[in-house]
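Colleague: For reference, this is final.cif, and it has mmCIF, C-alpha atoms and all ligand atoms.
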data_run
loop_
_atom_site.label_atom_id
_atom_site.label_comp_id
_atom_site.auth_asym_id
_atom_site.auth_seq_id
_atom_site.Cartn_x
_atom_site.Cartn_y
_atom_site.Cartn_z
CA MET M 74 -18.01 8.46 116.35
CA THR M 75 -17.15 4.87 116.77
CA GLU M 76 -13.79 3.30 116.62
CA VAL M 77 -12.91 2.38 113.07
CA ALA M 78 -9.54 0.71 112.97
CA LYS M 79 -9.13 0.52 109.26
CA MET M 80 -6.52 1.33 106.69
CA ILE M 81 -7.25 4.59 104.88
CA SER M 82 -5.24 6.75 102.51
CA VAL M 83 -3.30 9.86 103.47
CA ASP M 84 -5.73 11.97 101.45
CA GLU M 85 -8.80 10.44 103.12
CA ALA M 86 -7.33 10.96 106.59
CA LEU M 87 -6.40 14.56 105.81
CA GLU M 88 -9.77 15.36 104.31
CA TYR M 89 -11.57 13.92 107.32
CA ILE M 90 -9.31 15.76 109.79
CA LEU M 91 -9.57 19.14 108.04
CA LYS M 92 -13.39 19.07 108.23
CA HIS M 93 -13.00 19.72 111.95
CA PHE M 94 -10.97 22.92 111.64
CA LYS M 95 -11.81 26.50 110.79
CA PRO M 96 -10.06 29.85 111.23
CA LEU M 97 -9.81 31.05 114.83
CA GLU M 98 -10.98 34.46 116.07
CA PRO M 99 -9.08 37.70 115.49
CA GLU M 100 -7.03 39.49 118.12
CA GLU M 101 -5.39 42.90 118.12
CA VAL M 102 -1.60 42.82 118.14
CA GLU M 103 1.31 45.19 117.64
CA ILE M 104 2.30 45.10 114.00
CA LEU M 105 5.59 43.26 114.50
CA GLU M 106 3.60 40.49 116.20
CA ALA M 107 1.57 40.18 112.98
CA LEU M 108 4.45 38.73 110.94
CA ASP M 109 3.48 35.46 109.18
CA ARG M 110 -0.11 35.80 110.38
CA VAL M 111 -3.35 36.48 108.52
CA LEU M 112 -4.97 39.90 108.53
CA ALA M 113 -8.48 39.83 110.03
CA GLU M 114 -9.59 43.34 109.03
CA ASP M 115 -9.69 45.35 105.82
CA VAL M 116 -7.00 48.03 106.02
CA CYS M 117 -7.96 51.19 104.14
CA SER M 118 -5.88 54.33 103.86
CA ASP M 119 -7.08 57.62 105.35
CA MET M 120 -4.41 59.51 103.41
CA ASP M 121 -2.39 59.72 100.22
CA ILE M 122 1.05 58.14 100.37
CA PRO M 123 3.27 59.93 99.71
CA PRO M 124 1.15 62.72 101.19
CA PHE M 125 2.75 65.37 98.95
CA ALA M 126 4.49 65.47 95.56
CA ASN M 127 8.22 65.16 96.20
CA SER M 128 11.52 64.79 94.48
CA ALA M 129 12.87 61.36 93.49
CA MET M 130 16.37 62.82 93.04
CA ASP M 131 18.83 65.34 94.39
CA GLY M 132 18.80 68.21 91.92
CA TYR M 133 16.86 71.31 90.91
CA ALA M 134 13.11 71.87 90.90
CA VAL M 135 12.17 73.64 87.67
CA ARG M 136 9.37 74.39 85.26
CA ALA M 137 9.86 71.89 82.44
CA ALA M 138 8.99 74.66 79.96
CA ASP M 139 12.10 76.57 81.09
CA THR M 140 14.36 73.72 79.97
CA THR M 141 13.10 73.46 76.39
CA GLY M 142 16.03 72.80 74.07
CA ALA M 143 18.57 72.59 76.91
CA SER M 144 21.65 70.44 76.29
CA ARG M 145 25.28 70.29 77.29
CA GLU M 146 26.18 72.41 74.29
CA HIS M 147 23.31 74.84 74.82
CA PRO M 148 22.62 75.01 78.55
CA VAL M 149 19.79 77.02 80.02
CA THR M 150 20.82 79.18 82.99
CA LEU M 151 18.38 79.49 85.89
CA ARG M 152 18.60 81.61 89.03
CA VAL M 153 18.63 79.64 92.27
CA VAL M 154 16.15 81.25 94.71
CA ALA M 155 15.99 78.73 97.56
CA ASP M 156 17.04 75.37 98.87
CA VAL M 157 14.73 72.63 100.23
CA ALA M 158 15.85 69.48 102.03
CA ALA M 159 13.85 66.35 102.94
CA GLY M 160 11.65 67.03 105.95
CA HIS M 161 11.45 70.76 105.21
CA THR M 162 9.25 73.05 103.18
CA THR M 163 9.89 76.36 101.45
CA GLU M 164 7.76 79.46 101.03
CA ALA M 165 9.60 80.24 97.81
CA ARG M 166 8.02 79.59 94.41
CA VAL M 167 9.63 78.58 91.19
CA GLU M 168 8.91 81.48 88.82
CA PRO M 169 9.92 81.43 85.15
CA GLY M 170 13.70 81.63 84.89
CA THR M 171 14.28 80.45 88.46
CA THR M 172 14.89 77.18 90.23
CA ILE M 173 15.01 75.77 93.77
CA ARG M 174 17.69 73.32 94.81
CA ILE M 175 15.95 70.18 96.11
CA MET M 176 16.92 66.94 97.87
CA THR M 177 15.36 63.48 97.50
CA GLY M 178 12.09 63.27 99.43
CA ALA M 179 11.68 67.04 99.78
CA PRO M 180 8.29 68.47 98.75
CA LEU M 181 8.13 69.86 95.24
CA PRO M 182 7.89 73.67 95.58
CA GLU M 183 4.98 75.69 94.18
CA GLY M 184 5.42 76.53 90.54
CA ALA M 185 7.76 73.62 89.76
CA ASP M 186 6.61 70.56 87.83
CA THR M 187 9.92 68.77 87.26
CA VAL M 188 13.24 67.97 88.90
CA ILE M 189 16.52 68.08 86.99
CA ARG M 190 19.09 65.64 88.43
CA VAL M 191 22.18 67.34 89.80
CA GLU M 192 24.15 65.23 87.32
CA ASP M 193 22.45 67.17 84.50
CA THR M 194 23.52 70.57 85.84
CA SER M 195 26.69 72.62 86.19
CA ASP M 196 26.61 71.83 89.94
CA TRP M 197 27.82 68.31 89.21
CA ALA M 198 31.29 69.65 88.37
CA ARG M 199 31.55 71.31 91.81
CA PRO M 200 32.87 69.22 94.71
CA ARG M 201 29.99 68.06 96.87
CA ARG M 202 31.36 69.70 100.04
CA GLU M 203 31.70 73.03 98.34
CA ARG M 204 28.16 72.80 96.93
CA GLY M 205 26.87 72.29 100.44
CA ARG M 206 28.88 75.15 101.98
CA GLU M 207 28.27 77.67 99.27
CA PRO M 208 25.14 76.91 97.24
CA SER M 209 25.20 78.08 93.65
CA THR M 210 23.25 81.25 92.92
CA LYS M 211 23.02 80.28 89.27
CA VAL M 212 22.91 76.88 87.67
CA GLU M 213 23.21 75.66 84.11
CA VAL M 214 20.76 72.96 83.07
CA TYR M 215 21.93 70.48 80.42
CA HIS M 216 18.75 68.48 79.91
CA ALA M 217 15.42 69.26 78.27
CA ALA M 218 12.92 67.71 80.70
CA GLU M 219 9.38 66.47 80.24
CA PRO M 220 6.95 67.73 82.88
CA GLY M 221 6.84 65.37 85.87
CA GLU M 222 10.33 63.97 85.42
CA ASN M 223 11.85 62.78 88.73
CA VAL M 224 8.71 63.78 90.62
CA ARG M 225 6.81 61.31 92.80
CA PRO M 226 3.23 62.56 92.77
CA ALA M 227 1.09 62.61 95.91
CA GLY M 228 -0.73 59.29 96.20
CA GLU M 229 1.68 57.53 93.83
CA ASP M 230 1.92 54.59 96.22
CA ILE M 231 -1.45 54.64 98.00
CA ARG M 232 -4.58 56.75 97.43
CA ARG M 233 -6.70 58.07 100.25
CA GLY M 234 -9.69 55.78 100.77
CA GLU M 235 -8.04 52.87 98.96
CA LEU M 236 -8.36 49.31 100.30
CA VAL M 237 -4.66 48.65 100.72
CA LEU M 238 -4.60 45.28 102.49
CA PRO M 239 -7.75 43.17 102.36
CA ARG M 240 -8.58 40.79 105.19
CA GLY M 241 -7.04 37.43 104.52
CA THR M 242 -3.68 38.93 103.53
CA LEU M 243 -0.68 37.02 104.82
CA ILE M 244 1.48 39.56 106.61
CA ARG M 245 5.10 39.74 105.47
CA ALA M 246 7.73 42.42 106.10
CA GLN M 247 6.37 44.57 103.27
CA GLU M 248 2.82 44.51 104.67
CA ILE M 249 4.24 45.56 108.05
CA GLY M 250 6.01 48.45 106.30
CA VAL M 251 2.73 49.54 104.69
CA LEU M 252 0.91 49.34 108.05
CA ALA M 253 3.63 51.52 109.60
CA SER M 254 3.41 54.10 106.81
CA LEU M 255 -0.36 54.27 107.43
CA GLY M 256 0.29 54.96 111.11
CA LYS M 257 -1.26 51.70 112.29
CA SER M 258 0.71 50.51 115.29
CA THR M 259 -1.68 47.64 115.98
CA VAL M 260 -3.73 45.43 113.71
CA TYR M 261 -6.29 42.62 113.91
CA VAL M 262 -4.95 39.22 112.90
CA ILE M 263 -6.15 35.65 113.42
CA ARG M 264 -4.89 34.48 116.78
CA ARG M 265 -2.32 31.74 117.10
CA PRO M 266 -3.60 28.23 117.88
CA ARG M 267 -2.76 26.83 121.29
CA VAL M 268 -1.59 23.26 120.86
CA ALA M 269 -1.34 20.82 123.76
CA ILE M 270 1.52 18.32 123.53
CA LEU M 271 1.38 15.17 125.61
CA ALA M 272 3.99 12.42 125.41
CA THR M 273 2.91 8.99 126.63
CA GLY M 274 4.89 5.96 127.63
CA ASP M 275 6.38 4.19 130.64
CA GLU M 276 9.75 4.15 128.90
CA LEU M 277 10.11 7.89 128.71
CA LEU M 278 12.48 10.03 130.71
CA ALA M 279 12.43 13.78 131.13
CA ILE M 280 15.21 15.60 129.30
CA ASP M 281 17.39 16.09 132.38
CA GLU M 282 16.99 12.61 133.89
CA PRO M 283 19.89 10.17 133.72
CA VAL M 284 19.29 7.26 131.38
CA THR M 285 18.50 4.00 133.17
CA PRO M 286 17.95 0.49 131.76
CA GLY M 287 14.99 0.21 129.40
CA LYS M 288 14.40 3.95 129.27
CA ILE M 289 14.79 6.59 126.56
CA ARG M 290 14.46 10.34 126.63
CA ASN M 291 11.27 11.99 125.54
CA SER M 292 12.32 13.64 122.29
CA ASN M 293 8.90 13.86 120.64
CA GLU M 294 7.68 16.50 123.05
CA TYR M 295 10.44 18.78 121.85
CA SER M 296 10.30 18.08 118.14
CA ASN M 297 6.51 18.50 118.27
CA ALA M 298 6.77 21.75 120.25
CA ALA M 299 9.34 23.05 117.78
CA LEU M 300 7.05 22.23 114.84
CA VAL M 301 4.10 23.90 116.58
CA GLN M 302 6.18 27.04 117.01
CA ARG M 303 7.52 26.88 113.50
CA TYR M 304 4.03 26.69 112.03
CA GLY M 305 2.76 29.65 114.02
CA GLY M 306 1.21 28.01 117.09
CA ILE M 307 1.75 28.22 120.83
CA PRO M 308 2.90 24.91 122.32
CA VAL M 309 1.31 23.98 125.65
CA ARG M 310 3.66 21.29 126.94
CA LEU M 311 2.19 18.78 129.33
CA GLY M 312 5.22 16.57 129.84
CA ILE M 313 4.95 12.79 130.08
CA ALA M 314 1.91 10.70 130.95
CA ARG M 315 2.61 7.18 132.17
CA ASP M 316 0.73 4.29 130.59
CA SER M 317 -1.89 4.29 133.31
CA VAL M 318 -5.54 5.31 133.16
CA GLU M 319 -5.18 7.70 136.08
CA ASP M 320 -2.13 9.52 134.83
CA LEU M 321 -3.32 9.77 131.22
CA THR M 322 -6.76 11.01 132.30
CA ALA M 323 -5.24 13.58 134.64
CA LYS M 324 -2.83 14.91 131.99
CA ILE M 325 -5.59 15.14 129.38
CA ASN M 326 -7.75 17.12 131.78
CA GLU M 327 -4.83 19.34 132.65
CA GLY M 328 -4.36 20.09 128.94
CA LEU M 329 -8.04 20.74 128.27
CA ALA M 330 -8.14 23.16 131.21
CA GLN M 331 -5.58 25.30 129.37
CA LYS M 332 -8.01 26.23 126.61
CA VAL M 333 -6.22 24.55 123.78
CA ASP M 334 -7.41 24.52 120.17
CA LEU M 335 -5.73 21.24 119.29
CA PHE M 336 -4.50 18.36 121.40
CA LEU M 337 -1.54 16.28 120.26
CA THR M 338 -0.62 13.01 121.90
CA SER M 339 2.43 10.98 121.08
CA ALA M 340 2.59 7.17 120.93
CA GLY M 341 0.33 4.37 122.09
CA VAL M 342 -2.00 4.43 119.09
CA SER M 343 -0.77 1.54 116.99
CA VAL M 344 -3.59 -0.74 116.00
CA GLY M 345 -3.29 -4.25 117.24
CA ASP M 346 -1.25 -3.70 120.40
CA TYR M 347 -3.04 -3.34 123.63
CA ASP M 348 -2.47 0.21 124.68
CA VAL M 349 -3.99 2.04 127.59
CA VAL M 350 -3.73 5.30 125.60
CA LYS M 351 -6.44 4.13 123.21
CA ASP M 352 -8.72 3.08 126.08
CA VAL M 353 -8.39 6.44 127.79
CA LEU M 354 -8.91 8.43 124.58
CA ASN M 355 -12.00 6.33 123.84
CA ALA M 356 -13.32 6.89 127.34
CA GLU M 357 -12.70 10.65 127.29
CA GLY M 358 -13.55 11.46 123.68
CA GLU M 359 -15.06 10.35 120.42
CA MET M 360 -12.16 8.82 118.63
CA ARG M 361 -11.21 7.13 115.40
CA PHE M 362 -8.10 5.03 115.20
CA TRP M 363 -6.64 4.55 111.82
CA GLN M 364 -3.91 2.89 109.97
CA VAL M 365 -2.93 5.30 107.27
CA ARG M 366 -1.46 3.88 104.06
CA MET M 367 1.83 5.67 104.53
CA LYS M 368 5.35 4.93 105.64
CA PRO M 369 6.59 5.99 108.07
CA GLY M 370 3.61 6.92 110.22
CA LYS M 371 1.06 4.16 109.79
CA PRO M 372 -0.75 4.51 113.15
CA LEU M 373 -2.77 7.68 113.59
CA ALA M 374 -5.67 8.62 115.82
CA PHE M 375 -8.13 11.42 115.37
CA GLY M 376 -11.14 12.53 117.31
CA LEU M 377 -12.80 15.13 119.47
CA ILE M 378 -12.23 15.26 123.15
CA ARG M 379 -14.78 17.52 124.82
CA GLY M 380 -15.03 19.41 121.57
CA VAL M 381 -11.28 19.80 121.07
CA PRO M 382 -9.76 18.05 118.06
CA LEU M 383 -7.13 15.53 119.06
CA ILE M 384 -4.50 14.04 116.79
CA GLY M 385 -2.75 10.97 118.17
CA LEU M 386 0.67 10.86 116.53
CA PRO M 387 2.72 7.68 116.33
CA GLY M 388 5.52 7.23 118.85
CA ASN M 389 8.46 6.61 116.57
CA PRO M 390 10.27 9.93 116.31
CA VAL M 391 10.48 10.03 112.51
CA SER M 392 6.90 8.79 112.05
CA SER M 393 5.79 11.46 114.46
CA MET M 394 7.47 14.24 112.51
CA VAL M 395 6.34 12.98 109.11
CA SER M 396 2.75 12.63 110.36
CA PHE M 397 2.95 16.10 111.88
CA GLU M 398 3.91 17.52 108.49
CA GLN M 399 1.08 15.70 106.71
CA PHE M 400 -1.77 16.22 109.18
CA VAL M 401 -0.99 18.65 111.99
CA ARG M 402 0.62 21.35 109.89
CA PRO M 403 -2.36 21.77 107.53
CA ALA M 404 -4.80 21.70 110.46
CA MET M 405 -2.83 24.47 112.15
CA LEU M 406 -2.68 26.52 108.95
CA VAL M 407 -6.48 26.32 108.60
CA MET M 408 -6.88 27.59 112.18
CA GLU M 409 -4.49 30.44 111.35
CA GLY M 410 -6.67 31.49 108.41
CA LYS M 411 -4.12 30.40 105.84
CA THR M 412 -5.28 28.88 102.59
CA ARG M 413 -2.15 27.46 100.99
CA LEU M 414 -1.96 24.17 102.80
CA ALA M 415 0.29 22.12 100.56
CA LYS M 416 3.87 21.74 101.64
CA PRO M 417 6.19 23.53 99.21
CA ALA M 418 7.49 20.88 96.81
CA VAL M 419 9.85 20.47 93.88
CA GLU M 420 10.17 17.88 91.15
CA ALA M 421 13.53 16.20 91.54
CA ILE M 422 15.47 13.59 89.59
CA LEU M 423 16.30 10.56 91.72
CA GLU M 424 19.97 9.69 91.98
CA GLU M 425 19.31 6.15 93.14
CA ASP M 426 16.56 3.51 92.91
CA MET M 427 13.87 3.71 95.60
CA THR M 428 11.64 0.84 96.55
CA SER M 429 8.35 1.03 98.38
CA SER M 430 5.81 -1.25 99.99
CA GLY M 431 3.02 0.22 97.91
CA ARG M 432 1.93 2.52 100.73
CA ARG M 433 2.69 6.22 100.18
CA HIS M 434 6.32 6.48 101.16
CA PHE M 435 7.96 9.59 102.51
CA VAL M 436 11.65 9.03 101.92
CA ARG M 437 14.08 11.30 103.71
CA VAL M 438 16.24 12.87 101.06
CA ILE M 439 18.88 15.48 100.41
CA VAL M 440 17.87 17.75 97.56
CA GLU M 441 20.48 19.64 95.62
CA LYS M 442 20.18 21.96 92.66
CA ARG M 443 22.63 21.53 89.83
CA ASP M 444 22.44 23.26 86.44
CA GLY M 445 18.92 24.45 87.20
CA GLN M 446 17.66 20.96 88.04
CA TYR M 447 16.82 19.41 91.40
CA TYR M 448 18.38 16.06 92.35
CA ALA M 449 17.45 13.89 95.33
CA ARG M 450 19.31 11.13 97.12
CA THR M 451 18.35 9.36 100.33
CA THR M 452 19.88 10.17 103.69
CA GLY M 453 20.65 6.49 104.16
CA GLU M 454 19.10 4.38 106.92
CA GLN M 455 15.35 4.98 106.82
CA GLY M 456 14.27 3.36 110.10
CA SER M 457 11.43 5.27 111.75
CA GLY M 458 13.46 5.57 114.93
CA VAL M 459 16.49 7.07 113.17
CA LEU M 460 15.92 10.72 113.92
CA THR M 461 19.30 11.75 112.53
CA SER M 462 17.97 10.78 109.10
CA MET M 463 15.65 13.79 109.53
CA VAL M 464 18.61 15.87 110.64
CA LYS M 465 20.40 15.10 107.37
CA ALA M 466 17.30 15.55 105.21
CA ASN M 467 16.00 18.73 103.63
CA GLY M 468 13.12 17.00 101.89
CA LEU M 469 10.67 14.10 101.88
CA ALA M 470 10.45 12.36 98.52
CA VAL M 471 6.90 11.14 97.98
CA ILE M 472 6.54 7.74 96.35
CA PRO M 473 2.87 7.48 95.44
CA GLU M 474 0.57 4.65 96.52
CA GLY M 475 0.84 1.53 94.43
CA VAL M 476 4.32 2.30 93.13
CA GLU M 477 6.86 -0.25 94.24
CA LEU M 478 9.97 0.96 92.46
CA VAL M 479 11.17 4.30 91.23
CA LYS M 480 14.37 4.07 89.26
CA ALA M 481 17.37 6.36 89.33
CA GLY M 482 16.85 9.09 86.72
CA GLU M 483 13.07 9.20 87.20
CA ARG M 484 11.31 12.18 88.68
CA VAL M 485 9.60 12.35 92.06
CA THR M 486 7.85 15.08 93.98
CA VAL M 487 9.81 16.16 97.03
CA GLN M 488 8.16 18.02 99.90
CA MET M 489 10.76 20.49 101.09
CA LEU M 490 11.30 20.46 104.84
CA ASP M 491 13.17 23.73 104.66
CA TRP M 492 12.46 26.00 101.81
CA PRO M 493 14.26 27.37 99.98
CA GLU M 494 17.25 28.18 102.11
CA SER M 495 18.54 24.61 102.23
CA VAL M 496 18.71 24.02 98.49
CA GLU M 497 21.97 24.94 96.81
P1 LIG D 501 4.41 3.29 120.56
O1 LIG D 501 3.64 4.04 119.52
O2 LIG D 501 3.97 3.61 121.93
O3 LIG D 501 4.42 1.83 120.27
O4 LIG D 501 5.91 3.80 120.42
C1 LIG D 501 6.66 3.53 119.28
C2 LIG D 501 8.12 3.83 119.53
O5 LIG D 501 8.29 5.23 119.74
C3 LIG D 501 8.71 3.16 120.73
O6 LIG D 501 10.00 2.70 120.41
C4 LIG D 501 8.77 4.24 121.75
O7 LIG D 501 9.74 4.04 122.73
C5 LIG D 501 9.06 5.45 120.91
N1 LIG D 501 8.58 6.66 121.56
C6 LIG D 501 7.36 6.82 122.08
N2 LIG D 501 7.21 8.05 122.61
C7 LIG D 501 8.38 8.69 122.41
C8 LIG D 501 8.83 9.98 122.72
N3 LIG D 501 8.06 10.86 123.36
N4 LIG D 501 10.10 10.32 122.38
C9 LIG D 501 10.88 9.42 121.74
N5 LIG D 501 10.49 8.18 121.39
C10 LIG D 501 9.25 7.80 121.73
MG MG D 502 4.01 3.14 124.02
#
Give the structure from the file, written as structure tokens.

Modeller:
Amino acid sequence: MTEVAKMISVDEALEYILKHFKPLEPEEVEILEALDRVLAEDVCSDMDIPPFANSAMDGYAVRAADTTGASREHPVTLRVVADVAAGHTTEARVEPGTTIRIMTGAPLPEGADTVIRVEDTSDWARPRRERGREPSTKVEVYHAAEPGENVRPAGEDIRRGELVLPRGTLIRAQEIGVLASLGKSTVYVIRRPRVAILATGDELLAIDEPVTPGKIRNSNEYSNAALVQRYGGIPVRLGIARDSVEDLTAKINEGLAQKVDLFLTSAGVSVGDYDVVKDVLNAEGEMRFWQVRMKPGKPLAFGLIRGVPLIGLPGNPVSSMVSFEQFVRPAMLVMEGKTRLAKPAVEAILEEDMTSSGRRHFVRVIVEKRDGQYYARTTGEQGSGVLTSMVKANGLAVIPEGVELVKAGERVTVQMLDWPESVE
């Protein structure tokens, strides 16, 4: 690759970057570690779930045929021969004219095909305590049941041999529940990407250093690390590299030695300025430096550095976060085996005019839902160093390329930064 310092579109940059990423290898993890990750094996069931037919209600296990014509006015009386609770079994059978008291989840006894809810029997009139202490020996049934009523058949949920969760499934709480019911305590998922984070700049101070003239604290390292974590990666924080060839080279090597899947640098990639960061990246890797037709976040670098993809994010804190969302997030999702790369978005009605330079603008906005409709207004000052504008925002309104004015009342697409919890 040679250096091409040209202006390209967001879509072109993203397409080029994503060509260099593919899903990472699987690893075996405990199931709770699999949350929000992608399954890397087909999970089949070696059993029926539920494993046995059981009652969906507290009541009486009967033969449906015994209840023919039963009603409140003309009850059918059955003899109670046993009692079966969840977690227990009974040797007793339901013979014609008899019944077995049964609790939710208890196995349906031999001979029975139906459960009558306790509400549809004479037991319902007895206080619950008393029923428990002194079970009825006879019970009147008030309901003519169809066979199978209130019975959960074996295999109702999952059949033995069934492919329950195919590889590629995104694991949520319900998938973890299914894995647990199958007795799988561990599972193969795509491993998390390790992402190196290197801040660059002579002006930067570590978080606990006192502020001295001309210096600012290194916030990008932390916002980047937080985004890496949020999108399922493992941040490998390398601290600050000074704007010197030696320090930058040393920190890059330190990061590469930690077996990272993606390398993020912050700052020093604006086209035009002389920046030692660009020289070092060019010397160590095969790099492209771009200006992307977007605002904020015009400068962006991409390349391979000893085989590891490197994204050089702009230094301005807001530009850095917006560029992360547009380029780093999708690259991470691809490595994680995820296929839905687009940021969740809504169509919102603008509450004020928005102007643009004709580049794709990402305007920090507050989205609210009123009467079933989303509305967006800006967070105010949109300078790319004003990080509190990101604090106020729950979305990025996207003003497409070539559009210079969007008027109040018109619709825009808004990428939701938090979804959907922040929209009221
Ligand atoms: P640069 O891309 O190096 O020209 O930096 C652009 C702006 O971002 C400058 O105002 C820098 O001081 C600021 N900046 C660079 N790195 C960081 C960082 N790690 N944390 C906060 N601000 C930064
Ligand atoms: Mg700099």

Colleague: Take CA of Gly445 in chain M and CA of Ser429 in chain M and report the distance between them in Å, one decimal.

Modeller: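 Those two atoms sit 28.0 Å apart.
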
Colleague: Please identify all polymer residues within 7 Å of range 179-189 of chain M, counting all atoms listed in the file, omitting same-chain residues fewer than 3 positions from it, and present them as a short mmCIF file (atom, residue, chain, number, x, y, z; two decimals) with C-alpha atoms, in the frame of the given file.

Modeller:
data_model
loop_
_atom_site.label_atom_id
_atom_site.label_comp_id
_atom_site.auth_asym_id
_atom_site.auth_seq_id
_atom_site.Cartn_x
_atom_site.Cartn_y
_atom_site.Cartn_z
CA PHE M 125 2.75 65.37 98.95
CA ALA M 126 4.49 65.47 95.56
CA ASN M 127 8.22 65.16 96.20
CA SER M 128 11.52 64.79 94.48
CA GLY M 132 18.80 68.21 91.92
CA TYR M 133 16.86 71.31 90.91
CA ALA M 134 13.11 71.87 90.90
CA VAL M 135 12.17 73.64 87.67
CA ARG M 136 9.37 74.39 85.26
CA ALA M 137 9.86 71.89 82.44
CA VAL M 157 14.73 72.63 100.23
CA ALA M 158 15.85 69.48 102.03
CA ALA M 159 13.85 66.35 102.94
CA GLY M 160 11.65 67.03 105.95
CA HIS M 161 11.45 70.76 105.21
CA THR M 162 9.25 73.05 103.18
CA THR M 163 9.89 76.36 101.45
CA ARG M 166 8.02 79.59 94.41
CA VAL M 167 9.63 78.58 91.19
CA GLU M 168 8.91 81.48 88.82
CA ILE M 175 15.95 70.18 96.11
CA MET M 176 16.92 66.94 97.87
CA ASP M 193 22.45 67.17 84.50
CA PRO M 220 6.95 67.73 82.88
CA GLY M 221 6.84 65.37 85.87
CA GLU M 222 10.33 63.97 85.42
CA ASN M 223 11.85 62.78 88.73
CA VAL M 224 8.71 63.78 90.62
#

Colleague: In Å, how far is it from CA of Arg402 in chain M to CA of Leu105 in chain M?

Modeller: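 Taking CA of Arg402 in chain M as the start and CA of Leu105 in chain M as the end point, the length is 22.9 Å.
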
Colleague: Mind checking which residues fall within 9 Å of range 284-295 of chain M, counting only C-alpha atoms, ignoring those fewer than 6 positions away in the same chain, and posting them as a ChimeraX atom specification?

Modeller: /M:270-273,275-278,310-313,339,388-390,393-394

Colleague: List as a short mmCIF file (atom, residue, chain, number, x, y, z; two decimals) with C-alpha atoms, keeping the file's coordinate frame the protein and nucleic acid residues lying within 6 Å of ligand MG 502 (chain D), with only C-alpha atoms and all ligand atoms counted.

Modeller:
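The file below, pocket03.cif, is the result:
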data_model
loop_
_atom_site.label_atom_id
_atom_site.label_comp_id
_atom_site.auth_asym_id
_atom_site.auth_seq_id
_atom_site.Cartn_x
_atom_site.Cartn_y
_atom_site.Cartn_z
CA GLY M 274 4.89 5.96 127.63
CA ALA M 340 2.59 7.17 120.93
CA GLY M 341 0.33 4.37 122.09
#

Colleague: Which protein, DNA or RNA residues are at most 9 Å from (-8.7, 20.1, 118.8) in the file's coordinates when you count only C-alpha atoms, listed as a ChimeraX atom specification?

Modeller: /M:93-94,268-269,333-337,376-384

Colleague: Between M:Leu112, M:Val154, M:Val237, M:Val301, which one has atoms that come closest to Leu406 in chain M, using only C-alpha atoms?

Modeller: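 Looking only at the distances to Leu406 in chain M, the closest residue turns out to be M:Val301.
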
Colleague: Which residues, written as a ChimeraX atom specification, have at least one atom at most 12 Å from Lys79 in chain M, with all atoms listed in the file counted and residues fewer than 5 positions away on the same chain left out?

Modeller: /M:85-86,343-345,361-366,371-374
